[in-house]
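Quick notes on the structure that follows.
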Amino acid sequence: MAILSHRRRRSTAISMSAIAGIAAAGVCFAVGGASAGTVSGSLYRDPSSAVVRWVAANPGDSRTAVIRDKIASQPQARWFANFNPSTVQSEVSEFIGAANAAQQIPVLAVYEITNRDCGGASAGGAPDLNQYQTWVSNFARGLGNRTVLIILETDSLALQTCLSGAELNARNQAISTATQTIKSANPNAKVYLDGGHSTWNSASETANRLRAAGVQYADGFFTNVSNYNSTSGEANFGRSVISALNGMGISGKRQIIDTSRNGGASGDWCGDDNTDRRIGQYPTTNTGDANIDAYLWVKPPGEADGCRYTAGSFQPDLAFSLANGAPNPPTTAPPTTTPPTTTPPTTTPPTTTPPTTPPNSSPPAGDGCYADVAINQWAEGFTASVTVTAGKSDISGWTVSIVLPSGAAVTGVWNAQATGTSGTVQFRNMSYNGRVLGRQSTNFGFQGTGTGPGVLANCVTA
């Protein structure tokens with residue numbers, strides 16, 4: 001793939017329903033002076049993020065305190081990367097509702113464009129651009145009417161090497177239409193388009209691509225989600241892009257900078273193997289820069305880039321490496337809502353839509369595990385949400401075997417590792433969700449072409 005030295009992989013994990021989190025549900029990051037951009041307020045911390053769930057499930061791990069205090073305590077983007085047109089509205093609405101209740105600003109990363117990542121480690125997206133617009137319309141209906149920050153389609157403009165001229169024109173039109181659809185549904189939504197980063201395309205080329213994709217309808221652009229460049233370097237690059245846009249008659253656009261992993265050395269593009277990087281500036285809308293609306297953690301620290309580990313999977317070793325030795329977060333204000341008093345589940349709950357198929361195997365009378373599968377079918381493909389439940393005793397690992405119908409094939413997986421893509425496919429736990437307490441559950445999912453499975457799913461323990 002071209003430009004590997006300039007890129008890193010993004011999250012492809014499915015969006016999940018909010019669950020009870022650990023303390024500090026509301027976090028304020030004002031550190032003196034008013035925000036210089038157009039966004040002002042406290043950012044929302046997702047209580048169901050992978051790092052929060054890992055911390056809750058591993059209280060005795062030697063890495064937990066550092067990961068909890070420096071990463072899990074911080075607001076990060078919720079990625080919407082699963083093609084689920086029938087459920088995305090309810091998932092977005094639930095997430096937005098929780099942020100509104102906390103009186104905080106949610107950050108949503110939309111990652112669903114057709115042919116995303118040019119077939120790389122984060123390949124996937126909507127089957128075609130017509131279905132993409134359907135998905136975006138449903139997504140937009142869940143946004144409410146308060147301020148939300150939308151990071152729209154990472155790498156969609158900076159990475160275009162796999163597109164023909166006609167495909168490029170169609171993508172630009174799709175992103176422009178998506179921006180207008182979101183703004184029409186929620187006029188208070190702040191939408192930012194892909195600006196790559198300072199060591200990828202030039203500022204003038206970036207401005208040209210932004211203009212072609214309808215940045216005039218957006219609030220600005222984001223940079224550094226796909227790299228680890230310094231904040232100062234990205235800010236200088238952003239000023240050059242804004243100047244180029246001004247020269248085209250497009251004014252008033254601002255920048256978002258991803259600072260989730262740019263606090264250390266640069267080096268190899270893949271964060272899965274690099275131990276020299278650290279988390280950068282903590283998320284805030286108080287940038288002190290009139291051109292920059294926020295410093296955000298768009299790419300969640302600890303989620304893999306896709307070279308050593310599965311793209312989007314949470315890896316505690318990566319999180320600990322990023323957080324260990326990094327400065328402590330700024331002093332926070334008390335939560336704006338009462339923290340939950342219940343013990344959070346150690347695993348991901350099922351998606352908001354109830355299963356459309358009955359359990360595929362019977363609960364074990366004693367030890368062991370069983371799996372339930374819910375299928376969301378559309379014309380040419382499907383998504384499957386699989387809930388793995390332990391018997392009366394804890395389990396330390398699981399494998400689920402699912403037989404796909406003839407002609408069906410797996411094209412993407414989250415929260416599990418798959419062996420095979422057709423016929424009988426085995427899904428094994430990741431490092432962070434293999435341990436399931438007795439009578440508790442964890443969740444994984446996959447996307448495929450053809451008809452979704454409707455036969456038994458067999459679950460065995462490690």
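Chain labels follow the order of the structure tokens: the first chain is A, the next B, and so on; residue numbering restarts at 1 in every chain, and ligands are counted from 1 in their shown order.
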Contacts of Phe139 of chain A at 10 Å or less, counting only C-alpha atoms, minus same-chain residues fewer than 4 places along, as an NGL selection string? :A and (80 or 84-93 or 110 or 133-135 or 143 or 181-182 or 185)
How close does segment 130-152 of chain A get to segment 214-230 of chain A? List, as a tab-separated table, each residue of segment 130-152 of chain A within 10 Å, its nearest atom pair and the distance in Å to one decimal, counting only C-alpha atoms.
```
residue	atom	partner	partner_atom	distance
A:Leu149	CA	A:Asp219	CA	9.7
A:Ile150	CA	A:Asp219	CA	9.7
A:Ile151	CA	A:Phe222	CA	7.2
A:Leu152	CA	A:Phe222	CA	8.8
```
Take the residues from that selection and write them out as a CSV table (one decimal), in the first residue's frame, keeping C-alpha atoms.
```csv
chain,number,residue,atom,x,y,z
A,149,LEU,CA,-18.3,16.9,17.1
A,150,ILE,CA,-18.3,14.6,14.0
A,151,ILE,CA,-15.0,13.3,12.6
A,152,LEU,CA,-16.1,12.3,9.2
```
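For Leu168 of chain A, the non-local neighbours within 10 Å, defined as residues at least 6 positions apart in the same chain or in other chains and counting only C-alpha atoms, are Ser156, Leu157, Gln160, Thr161, Cys162, Ala174, Ala212 and Ala213 of chain A.
Between atom CA of Trp398 of chain A and atom CA of Cys459 of chain A the interatomic distance comes to 6.8 Å.
When atom CA of Glu112 of chain A is paired with atom CA of Val410 of chain A, their separation reads 16.9 Å.
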Using DSSP assignments from the backbone, pull out every residue in segment 170-213 of chain A that falls under strand (DSSP E) and give it to me as a PyMOL selection string. chain A and resi 189-194
Those same residues, written as a PDB file, in the first residue's frame with N, CA and C atoms?
```
ATOM      1  N   ALA A 189     -24.464  20.436  14.984  1.00  0.00           N
ATOM      2  CA  ALA A 189     -23.383  19.480  14.780  1.00  0.00           C
ATOM      3  C   ALA A 189     -22.192  20.182  14.134  1.00  0.00           C
ATOM      4  N   LYS A 190     -21.002  19.908  14.645  1.00  0.00           N
ATOM      5  CA  LYS A 190     -19.764  20.414  14.072  1.00  0.00           C
ATOM      6  C   LYS A 190     -19.127  19.273  13.277  1.00  0.00           C
ATOM      7  N   VAL A 191     -18.993  19.460  11.972  1.00  0.00           N
ATOM      8  CA  VAL A 191     -18.513  18.399  11.090  1.00  0.00           C
ATOM      9  C   VAL A 191     -17.133  18.774  10.551  1.00  0.00           C
ATOM     10  N   TYR A 192     -16.200  17.831  10.643  1.00  0.00           N
ATOM     11  CA  TYR A 192     -14.826  18.054  10.201  1.00  0.00           C
ATOM     12  C   TYR A 192     -14.433  16.964   9.201  1.00  0.00           C
ATOM     13  N   LEU A 193     -13.820  17.379   8.087  1.00  0.00           N
ATOM     14  CA  LEU A 193     -13.423  16.459   7.029  1.00  0.00           C
ATOM     15  C   LEU A 193     -11.946  16.085   7.166  1.00  0.00           C
ATOM     16  N   ASP A 194     -11.550  15.063   6.443  1.00  0.00           N
ATOM     17  CA  ASP A 194     -10.206  14.508   6.548  1.00  0.00           C
ATOM     18  C   ASP A 194      -9.153  15.431   5.939  1.00  0.00           C
TER      19      ASP A 194
END
```
Two-atom distance - atom CA of Gly381 of chain A, atom CA of Thr421 of chain A (Å):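 Result for atom CA of Gly381 of chain A versus atom CA of Thr421 of chain A: 13.8 Å, one decimal.
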Kindly indicate which residue among A:Lys70, A:Arg116, A:Arg254, A:Arg435 lies nearest to Asp394 of chain A, using only C-alpha atoms for the distances. A:Arg435
Residue among A:Thr411, A:Asn100, A:Asn172, A:Asn291 lying closest to Glu153 of chain A, counting only C-alpha atoms: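 Smallest distance to Glu153 of chain A is found for A:Asn172.
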